[in-house]
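Before any comments, here is the structure.
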Amino acid sequence: MEQKYQPLFRPMEFRSGVAIKNRVVMAPMTNFSSNDDGTVTDAEVNYYARRSAGVGMVVTACTNVTANGKGFPGEFAGHTDEMIPSLRRLATAIKKEGAKAVLQIFHGGRMCPPNLVPDGDVVSASSVAAEQEGAAQPRELSGTEIKDIIRAFGETTRRAIEAGYDGVEIHGANGYLIQQFFSPHSNRRNDEWGGSIEKRMTFPLAVVDEVKRVVAEHAKSPFLVGYRFSPEEPTDPGITMADTLELIDALAAKELDYLHVSLFDFWSVPRRGVETSKARIELIQDRVGQTVPVIGVGLIHTPDEAVKALETGIPLIALGREIIMEPDWVQKVEQGRESEIATTLSKDDQERLVVPDPLWQAIMNTPGWFPVV
């Protein structure tokens, strides 16, 4: 291995005591490949196992904490105890290859397709549809329902513990329910759950508190808790960079193991809310990086790009599409074979890359999602 890539291979121990062997994380990515009943398929388990030998940690695709939180077809579930054996299959496969297994837990809120939730009952912080064609009009959650969903995040965390995961990642990004409570676009409430920015943070922070409470009660060995967030929204009203800086101040005070920034481009700059030429990730690292580790992601393809990203001070890099195209990304860097890292796909690569049919069809039928040659 070239000396300049050594920073990618330093081990790291989180606040909880969970330790990883290097600084590369497999990013959470929807794969559309679970059974209709919410259990994982053999193809899905094999897909994760194929990508778990090199990275230090795997964050799974999102897992719904309630029946009405399912956001995608082919999503695996964690909302009942009957799902524990399915969850365990995936955790075991990931850990057997040497990576830590982290279950991403979420509720889709207004982004849930009506045909995937009981009675088509799509819910959110307020009865405000997303600004996209065909978006469902959600029903505003009652206070009792909100508390039930908070408890559901805790219950799914307990199931993750029982299934053998090393941690959970609370999915507060990408426009799903937790973000919907924080956003002034989707949260128009005037009660304890909305209004001021402090009240819009109430639900996200309550989920964090409940998850941490369950971990303290049920985990018998180190178990980490991370939180993923999107820094800004394009809508007006919407989350601004200034809003997010307040949110991460509050999250940093919760003694989480990490914060995971959801970005398409690692080096993207703020839309509004702050006056700066710095990238969003640099602002976030400057603000809370000395208190809580930050995971960065977005258009990091090569080891040189990954090392440059680490030079911002963030300790961890997540790879998404890169790990789909090149499951041996980490191993090839470690073995001095970085020139052999695949950066494109061909239509004949599915079997070699161990990609389930539904995910492969999504890749092939979404122009520009992957570089296909």
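Please note that chains go A, B, ... in the order of the structure tokens, that every chain numbers its residues from 1, and that ligands are numbered from 1 in the order shown.
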Neighbouring residues of A:Lys308 were defined as those with any atom within 12 Å, considering only C-alpha atoms; residues of the same chain fewer than 4 positions away were excluded. Please report them as a PDB file with all heavy atoms, in the first residue's frame.
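And here is the file that came out, part_12.pdb:
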ATOM      1  N   LYS A   4       0.704   7.237   1.300  1.00  0.00           N
ATOM      2  CA  LYS A   4      -0.271   8.333   1.367  1.00  0.00           C
ATOM      3  C   LYS A   4      -1.676   7.848   1.706  1.00  0.00           C
ATOM      4  O   LYS A   4      -2.534   8.640   2.100  1.00  0.00           O
ATOM      5  CB  LYS A   4      -0.284   9.112   0.058  1.00  0.00           C
ATOM      6  CG  LYS A   4      -0.727   8.320  -1.158  1.00  0.00           C
ATOM      7  CD  LYS A   4      -0.683   9.195  -2.403  1.00  0.00           C
ATOM      8  CE  LYS A   4      -1.054   8.409  -3.659  1.00  0.00           C
ATOM      9  NZ  LYS A   4      -1.055   9.258  -4.871  1.00  0.00           N
ATOM     10  N   TYR A   5      -1.929   6.532   1.544  1.00  0.00           N
ATOM     11  CA  TYR A   5      -3.253   6.007   1.842  1.00  0.00           C
ATOM     12  C   TYR A   5      -3.376   5.467   3.264  1.00  0.00           C
ATOM     13  O   TYR A   5      -4.450   4.992   3.667  1.00  0.00           O
ATOM     14  CB  TYR A   5      -3.619   4.906   0.844  1.00  0.00           C
ATOM     15  CG  TYR A   5      -3.628   5.374  -0.594  1.00  0.00           C
ATOM     16  CD1 TYR A   5      -3.089   4.587  -1.606  1.00  0.00           C
ATOM     17  CD2 TYR A   5      -4.150   6.621  -0.941  1.00  0.00           C
ATOM     18  CE1 TYR A   5      -3.082   5.012  -2.930  1.00  0.00           C
ATOM     19  CE2 TYR A   5      -4.137   7.068  -2.256  1.00  0.00           C
ATOM     20  CZ  TYR A   5      -3.603   6.253  -3.245  1.00  0.00           C
ATOM     21  OH  TYR A   5      -3.596   6.695  -4.543  1.00  0.00           O
ATOM     22  N   PRO A   7      -3.794   6.927   6.111  1.00  0.00           N
ATOM     23  CA  PRO A   7      -4.868   7.476   6.949  1.00  0.00           C
ATOM     24  C   PRO A   7      -6.200   6.747   6.805  1.00  0.00           C
ATOM     25  O   PRO A   7      -7.010   6.758   7.737  1.00  0.00           O
ATOM     26  CB  PRO A   7      -4.972   8.931   6.467  1.00  0.00           C
ATOM     27  CG  PRO A   7      -3.608   9.258   5.961  1.00  0.00           C
ATOM     28  CD  PRO A   7      -3.123   7.984   5.329  1.00  0.00           C
ATOM     29  N   LEU A   8      -6.419   6.115   5.657  1.00  0.00           N
ATOM     30  CA  LEU A   8      -7.675   5.384   5.465  1.00  0.00           C
ATOM     31  C   LEU A   8      -7.733   4.104   6.284  1.00  0.00           C
ATOM     32  O   LEU A   8      -8.814   3.533   6.487  1.00  0.00           O
ATOM     33  CB  LEU A   8      -7.846   5.020   3.982  1.00  0.00           C
ATOM     34  CG  LEU A   8      -8.064   6.176   3.014  1.00  0.00           C
ATOM     35  CD1 LEU A   8      -7.942   5.687   1.575  1.00  0.00           C
ATOM     36  CD2 LEU A   8      -9.427   6.811   3.241  1.00  0.00           C
ATOM     37  N   PHE A 266     -19.550  15.657  -1.670  1.00  0.00           N
ATOM     38  CA  PHE A 266     -18.824  15.947  -0.426  1.00  0.00           C
ATOM     39  C   PHE A 266     -18.455  17.424  -0.327  1.00  0.00           C
ATOM     40  O   PHE A 266     -18.527  18.013   0.758  1.00  0.00           O
ATOM     41  CB  PHE A 266     -17.551  15.088  -0.384  1.00  0.00           C
ATOM     42  CG  PHE A 266     -16.723  15.243   0.864  1.00  0.00           C
ATOM     43  CD1 PHE A 266     -16.915  14.400   1.945  1.00  0.00           C
ATOM     44  CD2 PHE A 266     -15.747  16.226   0.954  1.00  0.00           C
ATOM     45  CE1 PHE A 266     -16.149  14.532   3.102  1.00  0.00           C
ATOM     46  CE2 PHE A 266     -14.982  16.373   2.097  1.00  0.00           C
ATOM     47  CZ  PHE A 266     -15.185  15.521   3.179  1.00  0.00           C
ATOM     48  N   TRP A 267     -18.094  18.045  -1.459  1.00  0.00           N
ATOM     49  CA  TRP A 267     -17.561  19.407  -1.442  1.00  0.00           C
ATOM     50  C   TRP A 267     -18.617  20.461  -1.754  1.00  0.00           C
ATOM     51  O   TRP A 267     -18.285  21.624  -1.997  1.00  0.00           O
ATOM     52  CB  TRP A 267     -16.412  19.521  -2.444  1.00  0.00           C
ATOM     53  CG  TRP A 267     -15.255  18.642  -2.084  1.00  0.00           C
ATOM     54  CD1 TRP A 267     -14.906  17.461  -2.664  1.00  0.00           C
ATOM     55  CD2 TRP A 267     -14.310  18.856  -1.032  1.00  0.00           C
ATOM     56  NE1 TRP A 267     -13.799  16.925  -2.039  1.00  0.00           N
ATOM     57  CE2 TRP A 267     -13.411  17.758  -1.034  1.00  0.00           C
ATOM     58  CE3 TRP A 267     -14.127  19.864  -0.075  1.00  0.00           C
ATOM     59  CZ2 TRP A 267     -12.362  17.654  -0.142  1.00  0.00           C
ATOM     60  CZ3 TRP A 267     -13.080  19.760   0.827  1.00  0.00           C
ATOM     61  CH2 TRP A 267     -12.213  18.659   0.793  1.00  0.00           C
ATOM     62  N   GLY A 296     -18.418  11.692   6.303  1.00  0.00           N
ATOM     63  CA  GLY A 296     -18.667  12.413   5.072  1.00  0.00           C
ATOM     64  C   GLY A 296     -18.885  11.463   3.914  1.00  0.00           C
ATOM     65  O   GLY A 296     -18.391  10.331   3.909  1.00  0.00           O
ATOM     66  N   ILE A 300     -17.039  10.510  -3.833  1.00  0.00           N
ATOM     67  CA  ILE A 300     -15.672  10.107  -3.505  1.00  0.00           C
ATOM     68  C   ILE A 300     -15.434   8.770  -4.203  1.00  0.00           C
ATOM     69  O   ILE A 300     -15.965   7.740  -3.804  1.00  0.00           O
ATOM     70  CB  ILE A 300     -15.475   9.969  -1.985  1.00  0.00           C
ATOM     71  CG1 ILE A 300     -15.695  11.320  -1.298  1.00  0.00           C
ATOM     72  CG2 ILE A 300     -14.080   9.437  -1.664  1.00  0.00           C
ATOM     73  CD1 ILE A 300     -15.759  11.231   0.208  1.00  0.00           C
ATOM     74  N   HIS A 301     -14.653   8.795  -5.267  1.00  0.00           N
ATOM     75  CA  HIS A 301     -14.465   7.595  -6.082  1.00  0.00           C
ATOM     76  C   HIS A 301     -13.110   6.932  -5.843  1.00  0.00           C
ATOM     77  O   HIS A 301     -13.031   5.710  -5.701  1.00  0.00           O
ATOM     78  CB  HIS A 301     -14.594   7.944  -7.570  1.00  0.00           C
ATOM     79  CG  HIS A 301     -15.908   8.569  -7.937  1.00  0.00           C
ATOM     80  ND1 HIS A 301     -17.100   7.902  -7.837  1.00  0.00           N
ATOM     81  CD2 HIS A 301     -16.204   9.804  -8.399  1.00  0.00           C
ATOM     82  CE1 HIS A 301     -18.084   8.690  -8.235  1.00  0.00           C
ATOM     83  NE2 HIS A 301     -17.573   9.857  -8.565  1.00  0.00           N
ATOM     84  N   THR A 302     -12.062   7.729  -5.799  1.00  0.00           N
ATOM     85  CA  THR A 302     -10.707   7.190  -5.748  1.00  0.00           C
ATOM     86  C   THR A 302     -10.120   7.313  -4.348  1.00  0.00           C
ATOM     87  O   THR A 302     -10.574   8.134  -3.533  1.00  0.00           O
ATOM     88  CB  THR A 302      -9.795   7.944  -6.721  1.00  0.00           C
ATOM     89  OG1 THR A 302      -9.621   9.297  -6.231  1.00  0.00           O
ATOM     90  CG2 THR A 302     -10.391   7.981  -8.124  1.00  0.00           C
ATOM     91  N   PRO A 303      -9.079   6.526  -4.041  1.00  0.00           N
ATOM     92  CA  PRO A 303      -8.428   6.692  -2.733  1.00  0.00           C
ATOM     93  C   PRO A 303      -7.806   8.065  -2.553  1.00  0.00           C
ATOM     94  O   PRO A 303      -7.754   8.580  -1.436  1.00  0.00           O
ATOM     95  CB  PRO A 303      -7.379   5.576  -2.716  1.00  0.00           C
ATOM     96  CG  PRO A 303      -7.223   5.134  -4.122  1.00  0.00           C
ATOM     97  CD  PRO A 303      -8.523   5.390  -4.802  1.00  0.00           C
ATOM     98  N   ASP A 304      -7.343   8.691  -3.626  1.00  0.00           N
ATOM     99  CA  ASP A 304      -6.807  10.050  -3.501  1.00  0.00           C
ATOM    100  C   ASP A 304      -7.899  11.022  -3.065  1.00  0.00           C
ATOM    101  O   ASP A 304      -7.667  11.899  -2.226  1.00  0.00           O
ATOM    102  CB  ASP A 304      -6.203  10.505  -4.830  1.00  0.00           C
ATOM    103  CG  ASP A 304      -4.884   9.814  -5.130  1.00  0.00           C
ATOM    104  OD1 ASP A 304      -4.013   9.786  -4.251  1.00  0.00           O
ATOM    105  OD2 ASP A 304      -4.734   9.297  -6.248  1.00  0.00           O
ATOM    106  N   THR A 312      -9.923  17.289   5.644  1.00  0.00           N
ATOM    107  CA  THR A 312     -10.788  18.314   6.238  1.00  0.00           C
ATOM    108  C   THR A 312     -10.874  18.143   7.752  1.00  0.00           C
ATOM    109  O   THR A 312     -11.379  19.029   8.450  1.00  0.00           O
ATOM    110  CB  THR A 312     -12.212  18.215   5.675  1.00  0.00           C
ATOM    111  OG1 THR A 312     -12.778  16.938   6.017  1.00  0.00           O
ATOM    112  CG2 THR A 312     -12.230  18.393   4.169  1.00  0.00           C
ATOM    113  N   GLY A 313     -10.425  16.990   8.256  1.00  0.00           N
ATOM    114  CA  GLY A 313     -10.509  16.703   9.684  1.00  0.00           C
ATOM    115  C   GLY A 313     -11.567  15.685  10.034  1.00  0.00           C
ATOM    116  O   GLY A 313     -11.580  15.175  11.151  1.00  0.00           O
ATOM    117  N   ILE A 314     -12.490  15.395   9.091  1.00  0.00           N
ATOM    118  CA  ILE A 314     -13.486  14.376   9.403  1.00  0.00           C
ATOM    119  C   ILE A 314     -12.787  13.017   9.471  1.00  0.00           C
ATOM    120  O   ILE A 314     -11.850  12.753   8.727  1.00  0.00           O
ATOM    121  CB  ILE A 314     -14.642  14.343   8.382  1.00  0.00           C
ATOM    122  CG1 ILE A 314     -14.163  13.839   7.027  1.00  0.00           C
ATOM    123  CG2 ILE A 314     -15.330  15.677   8.257  1.00  0.00           C
ATOM    124  CD1 ILE A 314     -15.294  13.378   6.159  1.00  0.00           C
ATOM    125  N   PRO A 315     -13.218  12.147  10.379  1.00  0.00           N
ATOM    126  CA  PRO A 315     -12.492  10.895  10.585  1.00  0.00           C
ATOM    127  C   PRO A 315     -12.967   9.719   9.743  1.00  0.00           C
ATOM    128  O   PRO A 315     -12.286   8.695   9.685  1.00  0.00           O
ATOM    129  CB  PRO A 315     -12.737  10.604  12.067  1.00  0.00           C
ATOM    130  CG  PRO A 315     -14.075  11.195  12.346  1.00  0.00           C
ATOM    131  CD  PRO A 315     -14.177  12.411  11.465  1.00  0.00           C
ATOM    132  N   LEU A 316     -14.127   9.834   9.083  1.00  0.00           N
ATOM    133  CA  LEU A 316     -14.718   8.676   8.410  1.00  0.00           C
ATOM    134  C   LEU A 316     -15.287   9.066   7.048  1.00  0.00           C
ATOM    135  O   LEU A 316     -15.898  10.126   6.902  1.00  0.00           O
ATOM    136  CB  LEU A 316     -15.834   8.072   9.268  1.00  0.00           C
ATOM    137  CG  LEU A 316     -15.395   7.451  10.599  1.00  0.00           C
ATOM    138  CD1 LEU A 316     -16.562   7.394  11.572  1.00  0.00           C
ATOM    139  CD2 LEU A 316     -14.833   6.061  10.363  1.00  0.00           C
ATOM    140  N   ILE A 317     -15.128   8.157   6.076  1.00  0.00           N
ATOM    141  CA  ILE A 317     -15.621   8.356   4.715  1.00  0.00           C
ATOM    142  C   ILE A 317     -16.591   7.227   4.390  1.00  0.00           C
ATOM    143  O   ILE A 317     -16.275   6.048   4.594  1.00  0.00           O
ATOM    144  CB  ILE A 317     -14.459   8.316   3.700  1.00  0.00           C
ATOM    145  CG1 ILE A 317     -13.463   9.440   3.974  1.00  0.00           C
ATOM    146  CG2 ILE A 317     -14.996   8.397   2.279  1.00  0.00           C
ATOM    147  CD1 ILE A 317     -14.023  10.819   3.818  1.00  0.00           C
TER     148      ILE A 317
END
Would you return as a VMD selection string the members of stretch 6-204 of chain A that DSSP assigns to strand (DSSP E) on this structure's backbone?
chain A and resid 12 to 13 19 to 20 24 to 26 57 to 64 100 to 106 123 to 124 139 to 140 167 to 172
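Of the residues listed (A:Leu245, A:Leu259, A:Met26, A:Ala125), A:Leu259 shows the shortest atom-to-atom separation from A:Phe14; distances use only C-alpha atoms.
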Non-local contacts of A:Ser124 (7 Å; only C-alpha atoms; under 3 positions in same chain excluded) as a ChimeraX atom specification
/A:109-110,127,138-141,177,180
Could you pull out the helix (DSSP H, G or I) residues of stretch 151-312 of chain A from DSSP and send them as a PyMOL selection string?
chain A and resi 151-163+177-182+197-200+202-218+241-252+280-288+303-310
At a cut-off of 8 Å, using only C-alpha atoms, what residues contact A:Val330? Leave out same-chain residues fewer than 5 positions from it and give the result as a ChimeraX atom specification.
/A:24,54-55
Take the residues just selected and output them with N, CA, C and O atoms as a PDB file, in the first residue's frame.
ATOM      1  N   VAL A  24     -13.264   3.521   6.437  1.00  0.00           N
ATOM      2  CA  VAL A  24     -14.167   3.445   5.290  1.00  0.00           C
ATOM      3  C   VAL A  24     -15.456   2.743   5.692  1.00  0.00           C
ATOM      4  O   VAL A  24     -15.436   1.645   6.262  1.00  0.00           O
ATOM      5  N   GLY A  54     -13.988  -5.626   3.318  1.00  0.00           N
ATOM      6  CA  GLY A  54     -12.970  -4.589   3.334  1.00  0.00           C
ATOM      7  C   GLY A  54     -13.283  -3.418   4.234  1.00  0.00           C
ATOM      8  O   GLY A  54     -12.433  -2.929   4.982  1.00  0.00           O
ATOM      9  N   VAL A  55     -14.520  -2.943   4.199  1.00  0.00           N
ATOM     10  CA  VAL A  55     -14.895  -1.741   4.954  1.00  0.00           C
ATOM     11  C   VAL A  55     -14.870  -2.005   6.457  1.00  0.00           C
ATOM     12  O   VAL A  55     -15.001  -3.139   6.911  1.00  0.00           O
TER      13      VAL A  55
END
Would you pick out the contacts of A:Asp121 at 10 Å or less, using only C-alpha atoms, so that residues sharing its chain but fewer than 3 positions from it are not included, and give the list as an MDAnalysis selection string?
chainID A and resid 68:69 109:110 112:118 136:139
Could you name the residues that touch A:Gln179 at 12 Å or less, counting only C-alpha atoms, but leaving out those on the same chain fewer than 2 positions away, as a PyMOL selection string?
chain A and resi 106-111+124-125+170-177+181-187+200-205+207+227-233+238-239+243-244+247+262
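Using only C-alpha atoms, the nearest neighbour of A:Pro222 within the list A:Val372, A:Val168, A:Leu345, A:Ala206 is A:Val168.
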Select from stretch 102-181 of chain A every residue with an atom at most 9 Å from any atom of stretch 86-90 of chain A, then for each give the shortest pair of atoms and their distance in Å to one decimal, using only C-alpha atoms, rows by chain and rising number, as a Markdown table.
| residue | atom | partner | partner_atom | distance |
| --- | --- | --- | --- | --- |
| A:Leu103 | CA | A:Leu87 | CA | 8.7 |
| A:Arg159 | CA | A:Leu87 | CA | 8.1 |
| A:Ala160 | CA | A:Leu87 | CA | 7.1 |
| A:Glu162 | CA | A:Arg88 | CA | 8.0 |
| A:Ala163 | CA | A:Arg88 | CA | 4.3 |
| A:Gly164 | CA | A:Arg88 | CA | 6.2 |
| A:Tyr165 | CA | A:Arg88 | CA | 7.7 |
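The protein and nucleic acid residues lying at most 9 Å from A:Lys220 are A:Ile161, A:Val215, A:Ala216, with only C-alpha atoms considered and sequence neighbours fewer than 4 positions away removed.
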Per residue of stretch 23-65 of chain A within 6 Å of stretch 349-369 of chain A, record the nearest atom pair and its distance in Å to one decimal, counting only C-alpha atoms, with rows in chain order and ascending residue number, as JSON lines.
{"residue": "A:Asn31", "atom": "CA", "partner": "A:Leu359", "partner_atom": "CA", "distance": 5.0}
{"residue": "A:Phe32", "atom": "CA", "partner": "A:Pro358", "partner_atom": "CA", "distance": 5.8}
{"residue": "A:Ser33", "atom": "CA", "partner": "A:Pro358", "partner_atom": "CA", "distance": 5.6}
{"residue": "A:Ala43", "atom": "CA", "partner": "A:Pro356", "partner_atom": "CA", "distance": 5.4}
{"residue": "A:Tyr47", "atom": "CA", "partner": "A:Val354", "partner_atom": "CA", "distance": 5.4}
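Nearest residue to A:Asp286, choosing from A:Asp249, A:Ala306, A:Pro270, A:Asn22 and counting only C-alpha atoms: A:Asp249.
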